[in-house]
>>> print(open('query_11.cif').read())   # mmCIF, C-alpha atoms
data_upload
loop_
_atom_site.label_atom_id
_atom_site.label_comp_id
_atom_site.auth_asym_id
_atom_site.auth_seq_id
_atom_site.Cartn_x
_atom_site.Cartn_y
_atom_site.Cartn_z
CA MET A 1 16.27 51.00 -20.26
CA ILE A 2 16.67 53.99 -17.99
CA GLY A 3 20.23 55.24 -17.82
CA LYS A 4 22.17 57.14 -15.21
CA PRO A 5 20.04 59.61 -13.20
CA VAL A 6 20.41 63.28 -14.09
CA THR A 7 21.48 65.33 -11.09
CA ARG A 8 21.47 68.86 -12.56
CA PRO A 9 18.87 71.32 -11.24
CA ILE A 10 15.53 71.61 -13.05
CA GLU A 11 15.22 75.31 -13.97
CA ILE A 12 13.53 77.24 -16.77
CA GLY A 13 15.96 77.23 -19.68
CA SER A 14 17.80 74.09 -18.53
CA GLN A 15 18.63 71.89 -21.49
CA PHE A 16 19.36 68.16 -21.35
CA GLU A 17 20.91 66.18 -24.19
CA GLY A 18 20.76 62.45 -24.73
CA PRO A 19 23.50 60.48 -26.46
CA ALA A 20 23.96 60.95 -30.21
CA ARG A 21 23.20 57.71 -32.06
CA LYS A 22 24.03 56.59 -35.58
CA LEU A 23 21.14 54.93 -37.37
CA SER A 24 21.89 51.90 -39.52
CA ALA A 25 19.88 50.25 -42.28
CA ALA A 26 19.67 47.06 -40.19
CA ARG A 27 18.28 48.96 -37.18
CA ILE A 28 15.81 50.84 -39.39
CA LEU A 29 14.55 47.54 -40.84
CA ALA A 30 14.37 45.73 -37.49
CA PHE A 31 11.51 47.80 -36.11
CA PRO A 32 8.98 48.35 -38.92
CA GLY A 33 9.88 45.25 -40.95
CA GLY A 34 7.55 43.03 -38.96
CA PRO A 35 8.38 39.75 -37.22
CA PHE A 36 11.69 38.24 -38.33
CA GLY A 37 11.16 35.11 -40.37
CA ALA A 38 7.56 35.99 -41.29
CA PRO A 39 6.64 35.17 -44.89
CA GLY A 40 7.55 38.13 -47.10
CA TRP A 41 9.78 39.74 -44.45
CA PRO A 42 10.36 42.61 -44.31
CA ALA A 43 6.96 44.21 -44.79
CA HIS A 44 7.05 46.44 -47.87
CA HIS A 45 6.43 50.13 -47.18
CA LEU A 46 8.41 53.39 -47.19
CA HIS A 47 10.39 52.35 -44.09
CA THR A 48 11.73 49.13 -45.62
CA ASP A 49 11.42 49.12 -49.41
CA LEU A 50 13.35 51.26 -51.93
CA ASP A 51 10.50 51.17 -54.48
CA LYS A 52 7.85 52.13 -51.92
CA ALA A 53 10.07 54.97 -50.68
CA ALA A 54 10.51 56.19 -54.27
CA GLU A 55 6.71 56.10 -54.77
CA ALA A 56 6.48 58.45 -51.77
CA GLY A 57 9.09 60.78 -53.33
CA LEU A 58 11.93 59.72 -51.04
CA PRO A 59 15.46 58.82 -52.15
CA ALA A 60 15.65 55.82 -49.78
CA PRO A 61 13.68 54.11 -47.00
CA ILE A 62 13.29 56.31 -43.94
CA ALA A 63 13.51 55.59 -40.21
CA SER A 64 10.26 55.08 -38.34
CA GLY A 65 9.28 58.09 -36.26
CA LEU A 66 8.71 55.78 -33.29
CA ARG A 67 12.42 54.90 -33.26
CA LEU A 68 13.24 58.61 -32.88
CA GLU A 69 10.52 59.04 -30.27
CA GLY A 70 12.08 56.17 -28.33
CA TYR A 71 15.38 58.06 -28.08
CA LEU A 72 13.48 61.07 -26.74
CA VAL A 73 11.47 59.02 -24.21
CA GLU A 74 14.68 57.41 -22.97
CA LEU A 75 16.08 60.91 -22.24
CA LEU A 76 12.84 61.95 -20.51
CA CYS A 77 13.07 58.82 -18.33
CA ASP A 78 16.69 59.63 -17.48
CA VAL A 79 15.76 63.16 -16.39
CA PHE A 80 12.41 62.56 -14.65
CA ARG A 81 12.76 58.87 -13.68
CA LYS A 82 9.52 57.25 -12.42
CA SER A 83 7.68 60.59 -12.58
CA TRP A 84 7.89 60.50 -16.38
CA VAL A 85 6.34 57.03 -16.57
CA ALA A 86 3.57 57.94 -14.11
CA ARG A 87 2.79 61.53 -15.16
CA GLY A 88 4.47 62.41 -18.46
CA THR A 89 2.82 63.54 -21.69
CA LEU A 90 4.39 63.94 -25.12
CA GLN A 91 3.24 65.41 -28.45
CA VAL A 92 5.54 65.36 -31.48
CA ARG A 93 5.63 65.82 -35.23
CA TYR A 94 8.22 64.95 -37.84
CA PRO A 95 9.14 67.87 -40.13
CA ARG A 96 11.96 66.00 -41.96
CA PRO A 97 12.58 62.36 -42.94
CA VAL A 98 15.59 60.53 -41.51
CA MET A 99 17.69 58.11 -43.56
CA ALA A 100 20.05 55.33 -42.50
CA VAL A 101 23.56 56.28 -41.30
CA GLU A 102 22.44 59.65 -39.95
CA ILE A 103 23.47 60.62 -36.42
CA ILE A 104 20.52 61.71 -34.27
CA GLN A 105 20.48 63.36 -30.84
CA PRO A 106 17.47 63.91 -28.53
CA ILE A 107 17.26 67.19 -26.59
CA ILE A 108 14.77 68.60 -24.08
CA GLN A 109 14.52 72.13 -22.67
CA ILE A 110 12.52 73.28 -19.62
CA THR A 111 10.08 76.05 -20.59
CA THR A 112 7.73 76.33 -17.60
CA LEU A 113 7.53 75.37 -13.92
CA GLU A 114 4.14 75.58 -12.20
CA SER A 115 3.45 74.67 -8.57
CA ALA A 116 0.38 72.48 -8.11
CA GLY A 117 0.17 71.55 -4.42
CA PRO A 118 2.62 68.74 -3.69
CA GLN A 119 3.64 68.60 -7.37
CA VAL A 120 5.51 70.82 -9.82
CA ARG A 121 4.26 70.67 -13.41
CA ILE A 122 7.13 71.04 -15.86
CA GLY A 123 6.61 72.18 -19.47
CA LEU A 124 9.21 71.25 -22.07
CA ASP A 125 10.20 71.83 -25.65
CA VAL A 126 11.55 68.57 -27.09
CA TRP A 127 13.33 67.67 -30.30
CA CYS A 128 15.71 65.31 -32.05
CA CYS A 129 18.23 66.77 -34.45
CA ARG A 130 20.91 65.77 -36.90
CA VAL A 131 24.53 66.61 -36.10
CA ASP A 132 24.17 69.78 -38.21
CA GLY A 133 21.41 70.94 -35.83
CA GLU A 134 18.50 70.40 -38.24
CA LYS A 135 15.46 69.28 -36.24
CA ILE A 136 13.83 66.10 -37.51
CA LEU A 137 11.37 65.63 -34.62
CA VAL A 138 9.84 68.54 -32.69
CA GLY A 139 7.23 68.80 -30.00
CA SER A 140 6.29 69.50 -26.43
CA ALA A 141 6.08 67.48 -23.26
CA SER A 142 5.06 67.90 -19.66
CA CYS A 143 5.70 66.02 -16.46
CA SER A 144 4.68 66.42 -12.82
CA ILE A 145 7.34 65.77 -10.19
CA PRO A 146 7.22 65.99 -6.39
CA ALA A 147 7.75 69.57 -5.17
#
>>> encode(input="query_11.cif", output="structure tokens")
Amino acid sequence: MIGKPVTRPIEIGSQFEGPARKLSAARILAFPGGPFGAPGWPAHHLHTDLDKAAEAGLPAPIASGLRLEGYLVELLCDVFRKSWVARGTLQVRYPRPVMAVEIIQPIIQITTLESAGPQVRIGLDVWCCRVDGEKILVGSASCSIPA
């Protein structure tokens, strides 16, 4: 769901922050666990099962990267509205695992503005971080908006 429109100017160096959210074990399970009520629910892998996480060298099941990406896309939609849906691109990687009960915040920063006729192409650095500032998702994005 797209939230309240952002009304700040879009300038190189501008930074936009989404709401900080606390992850819970129930929310982590809800996405990668598969359909509720399916035989064997939840699916058993490093996102849902303590033993599978341990096999991967993790102390506990970790949040799906797509959940974190969703927080970032929500912020991009808030800032760029329909332009993001029509003309946005996103590339990310996950340098650190995220466990339940961590608080995560999405952030974007404008890095470039390039005129392209009736459009302005915006380049961005994007990330999600823990409350201590450690980045757990990093990447880049771009979006064209009307000039």
>>> atom_distance(input="query_11.cif", atom1="atom CA of A:Ala26", atom2="atom CA of A:Gln105")
18.8 Å
>>> atom_distance(input="query_11.cif", atom1="atom CA of A:Gln119", atom2="atom CA of A:Arg93")
28.1 Å
>>> resolve_selection(input="query_11.cif", expression="the PyMOL selection byres ((chain A and resi 118) around 7)", output="PyMOL selection string")
chain A and resi 116-117+119+146-147
>>> closest_residue(input="query_11.cif", among="A:Arg67, A:Val101, A:Ile122, A:Tyr94", to="A:Lys135", atoms="only C-alpha atoms")
A:Tyr94
>>> closest_residue(input="query_11.cif", among="A:Ile103, A:Cys77, A:Val138, A:Ile108", to="A:Ala20", atoms="all atoms listed in the file")
A:Ile103
>>> resolve_selection(input="query_11.cif", expression="the PyMOL selection byres ((chain A and resi 66) around 12)", output="mmCIF file with C-alpha atoms, keeping the file's coordinate frame")
data_model
loop_
_atom_site.group_PDB
_atom_site.id
_atom_site.type_symbol
_atom_site.label_atom_id
_atom_site.label_comp_id
_atom_site.auth_asym_id
_atom_site.auth_seq_id
_atom_site.Cartn_x
_atom_site.Cartn_y
_atom_site.Cartn_z
ATOM 1 C CA ILE A 28 15.810 50.840 -39.390
ATOM 2 C CA PHE A 31 11.510 47.800 -36.110
ATOM 3 C CA PRO A 32 8.980 48.350 -38.920
ATOM 4 C CA HIS A 47 10.390 52.350 -44.090
ATOM 5 C CA ILE A 62 13.290 56.310 -43.940
ATOM 6 C CA ALA A 63 13.510 55.590 -40.210
ATOM 7 C CA SER A 64 10.260 55.080 -38.340
ATOM 8 C CA GLY A 65 9.280 58.090 -36.260
ATOM 9 C CA ARG A 67 12.420 54.900 -33.260
ATOM 10 C CA LEU A 68 13.240 58.610 -32.880
ATOM 11 C CA GLU A 69 10.520 59.040 -30.270
ATOM 12 C CA GLY A 70 12.080 56.170 -28.330
ATOM 13 C CA TYR A 71 15.380 58.060 -28.080
ATOM 14 C CA LEU A 72 13.480 61.070 -26.740
ATOM 15 C CA VAL A 73 11.470 59.020 -24.210
ATOM 16 C CA VAL A 92 5.540 65.360 -31.480
ATOM 17 C CA ARG A 93 5.630 65.820 -35.230
ATOM 18 C CA TYR A 94 8.220 64.950 -37.840
ATOM 19 C CA VAL A 98 15.590 60.530 -41.510
ATOM 20 C CA CYS A 128 15.710 65.310 -32.050
ATOM 21 C CA LEU A 137 11.370 65.630 -34.620
#
>>> atom_distance(input="query_11.cif", atom1="atom CA of A:Ala60", atom2="atom CA of A:Gly18")
26.4 Å
>>> resolve_selection(input="query_11.cif", expression="the PyMOL selection byres ((chain A and resi 58) around 12)", output="count of residues only")
22
>>> residues_around(input="query_11.cif", residues="A:Glu17", least_positions_apart="6", cutoff="12 Å", atoms="all atoms listed in the file", output="list in words")
Val6, Arg8, Tyr71, Leu72, Val73, Glu74, Leu75, Leu76, Asp78, Val79, Ile104, Gln105, Pro106, Ile107, Ile108, Gln109, Ile110, Val126, Trp127, Cys128 and Cys129 of chain A
>>> closest_residue(input="query_11.cif", among="A:Glu134, A:His44, A:Gly123, A:Ser83", to="A:Glu102", atoms="all atoms listed in the file")
A:Glu134
>>> decode(input="query_11.cif", residues="stretch 20-134 of chain A", atoms="C-alpha atoms", output="mmCIF file, in the first residue's frame")
data_model
loop_
_atom_site.group_PDB
_atom_site.id
_atom_site.type_symbol
_atom_site.label_atom_id
_atom_site.label_comp_id
_atom_site.auth_asym_id
_atom_site.auth_seq_id
_atom_site.Cartn_x
_atom_site.Cartn_y
_atom_site.Cartn_z
ATOM 1 C CA ALA A 20 11.425 1.455 11.156
ATOM 2 C CA ARG A 21 9.733 -1.927 11.574
ATOM 3 C CA LYS A 22 10.269 -4.694 14.091
ATOM 4 C CA LEU A 23 10.378 -8.155 12.563
ATOM 5 C CA SER A 24 8.660 -10.972 14.424
ATOM 6 C CA ALA A 25 9.032 -14.737 14.137
ATOM 7 C CA ALA A 26 5.371 -14.993 13.066
ATOM 8 C CA ARG A 27 5.871 -12.437 10.268
ATOM 9 C CA ILE A 28 9.082 -14.140 9.150
ATOM 10 C CA LEU A 29 7.259 -17.495 8.932
ATOM 11 C CA ALA A 30 4.172 -16.103 7.195
ATOM 12 C CA PHE A 31 5.927 -15.281 3.932
ATOM 13 C CA PRO A 32 8.312 -18.162 3.115
ATOM 14 C CA GLY A 33 6.441 -20.861 5.049
ATOM 15 C CA GLY A 34 4.143 -21.618 2.145
ATOM 16 C CA PRO A 35 0.341 -21.719 2.150
ATOM 17 C CA PHE A 36 -1.169 -21.847 5.634
ATOM 18 C CA GLY A 37 -2.732 -25.204 6.344
ATOM 19 C CA ALA A 38 -0.733 -27.013 3.644
ATOM 20 C CA PRO A 39 0.506 -30.466 4.677
ATOM 21 C CA GLY A 40 3.857 -30.097 6.432
ATOM 22 C CA TRP A 41 3.455 -26.336 6.964
ATOM 23 C CA PRO A 42 5.688 -24.471 7.261
ATOM 24 C CA ALA A 43 8.056 -25.485 4.483
ATOM 25 C CA HIS A 44 11.393 -26.504 5.995
ATOM 26 C CA HIS A 45 14.341 -24.331 4.948
ATOM 27 C CA LEU A 46 16.659 -21.751 6.513
ATOM 28 C CA HIS A 47 13.846 -19.173 6.728
ATOM 29 C CA THR A 48 11.532 -21.377 8.799
ATOM 30 C CA ASP A 49 13.402 -24.263 10.427
ATOM 31 C CA LEU A 50 15.983 -24.100 13.252
ATOM 32 C CA ASP A 51 17.770 -27.266 12.063
ATOM 33 C CA LYS A 52 17.972 -26.079 8.444
ATOM 34 C CA ALA A 53 19.281 -22.700 9.617
ATOM 35 C CA ALA A 54 21.927 -24.471 11.729
ATOM 36 C CA GLU A 55 22.957 -26.569 8.694
ATOM 37 C CA ALA A 56 23.581 -23.258 6.893
ATOM 38 C CA GLY A 57 25.706 -22.001 9.818
ATOM 39 C CA LEU A 58 23.059 -19.638 11.187
ATOM 40 C CA PRO A 59 22.019 -19.338 14.841
ATOM 41 C CA ALA A 60 18.296 -19.122 13.959
ATOM 42 C CA PRO A 61 15.972 -18.883 10.944
ATOM 43 C CA ILE A 62 16.467 -15.679 8.983
ATOM 44 C CA ALA A 63 14.038 -13.258 7.344
ATOM 45 C CA SER A 64 13.450 -13.623 3.621
ATOM 46 C CA GLY A 65 15.239 -10.966 1.601
ATOM 47 C CA LEU A 66 12.003 -10.289 -0.267
ATOM 48 C CA ARG A 67 10.388 -9.074 2.963
ATOM 49 C CA LEU A 68 13.167 -6.480 3.318
ATOM 50 C CA GLU A 69 12.910 -5.580 -0.361
ATOM 51 C CA GLY A 70 9.195 -4.992 0.161
ATOM 52 C CA TYR A 71 9.927 -2.348 2.801
ATOM 53 C CA LEU A 72 12.275 -0.636 0.351
ATOM 54 C CA VAL A 73 9.795 -0.777 -2.559
ATOM 55 C CA GLU A 74 7.101 0.704 -0.317
ATOM 56 C CA LEU A 75 9.400 3.697 0.366
ATOM 57 C CA LEU A 76 10.202 4.053 -3.356
ATOM 58 C CA CYS A 77 6.458 4.087 -4.098
ATOM 59 C CA ASP A 78 5.908 6.744 -1.422
ATOM 60 C CA VAL A 79 8.600 8.983 -2.935
ATOM 61 C CA PHE A 80 8.026 8.430 -6.677
ATOM 62 C CA ARG A 81 4.350 7.345 -6.686
ATOM 63 C CA LYS A 82 3.122 5.962 -10.038
ATOM 64 C CA SER A 83 6.450 6.781 -11.709
ATOM 65 C CA TRP A 84 8.137 4.075 -9.628
ATOM 66 C CA VAL A 85 5.640 1.425 -10.712
ATOM 67 C CA ALA A 86 5.871 2.451 -14.382
ATOM 68 C CA ARG A 87 9.599 3.235 -14.703
ATOM 69 C CA GLY A 88 11.531 2.057 -11.644
ATOM 70 C CA THR A 89 14.413 -0.423 -11.514
ATOM 71 C CA LEU A 90 16.027 -2.001 -8.461
ATOM 72 C CA GLN A 91 19.119 -4.152 -7.864
ATOM 73 C CA VAL A 92 19.991 -5.344 -4.360
ATOM 74 C CA ARG A 93 22.153 -7.773 -2.435
ATOM 75 C CA TYR A 94 22.059 -8.974 1.151
ATOM 76 C CA PRO A 95 25.422 -8.689 2.957
ATOM 77 C CA ARG A 96 24.066 -9.739 6.394
ATOM 78 C CA PRO A 97 21.299 -12.086 7.591
ATOM 79 C CA VAL A 98 18.373 -10.672 9.567
ATOM 80 C CA MET A 99 16.811 -12.500 12.511
ATOM 81 C CA ALA A 100 13.404 -12.145 14.160
ATOM 82 C CA VAL A 101 12.844 -9.210 16.553
ATOM 83 C CA GLU A 102 15.312 -6.964 14.760
ATOM 84 C CA ILE A 103 14.220 -3.434 13.842
ATOM 85 C CA ILE A 104 14.796 -2.617 10.173
ATOM 86 C CA GLN A 105 14.569 0.719 8.340
ATOM 87 C CA PRO A 106 14.622 1.344 4.565
ATOM 88 C CA ILE A 107 16.537 4.380 3.268
ATOM 89 C CA ILE A 108 17.111 5.833 -0.209
ATOM 90 C CA GLN A 109 19.488 8.602 -1.296
ATOM 91 C CA ILE A 110 19.475 10.523 -4.598
ATOM 92 C CA THR A 111 22.845 10.190 -6.356
ATOM 93 C CA THR A 112 22.195 11.465 -9.892
ATOM 94 C CA LEU A 113 19.666 13.532 -11.854
ATOM 95 C CA GLU A 114 19.811 13.376 -15.655
ATOM 96 C CA SER A 115 17.466 15.216 -18.025
ATOM 97 C CA ALA A 116 16.085 13.027 -20.807
ATOM 98 C CA GLY A 117 13.591 15.119 -22.783
ATOM 99 C CA PRO A 118 10.298 15.260 -20.898
ATOM 100 C CA GLN A 119 11.694 12.974 -18.170
ATOM 101 C CA VAL A 120 14.322 13.202 -15.442
ATOM 102 C CA ARG A 121 16.191 9.965 -14.723
ATOM 103 C CA ILE A 122 17.017 9.665 -11.033
ATOM 104 C CA GLY A 123 19.814 7.419 -9.736
ATOM 105 C CA LEU A 124 19.674 6.202 -6.149
ATOM 106 C CA ASP A 125 21.645 4.358 -3.526
ATOM 107 C CA VAL A 126 19.250 2.201 -1.499
ATOM 108 C CA TRP A 127 19.612 0.193 1.690
ATOM 109 C CA CYS A 128 17.896 -1.258 4.732
ATOM 110 C CA CYS A 129 19.697 -1.100 8.038
ATOM 111 C CA ARG A 130 19.405 -2.208 11.624
ATOM 112 C CA VAL A 131 18.913 0.428 14.326
ATOM 113 C CA ASP A 132 22.692 0.407 14.919
ATOM 114 C CA GLY A 133 23.174 1.512 11.286
ATOM 115 C CA GLU A 134 24.533 -1.818 9.992
#
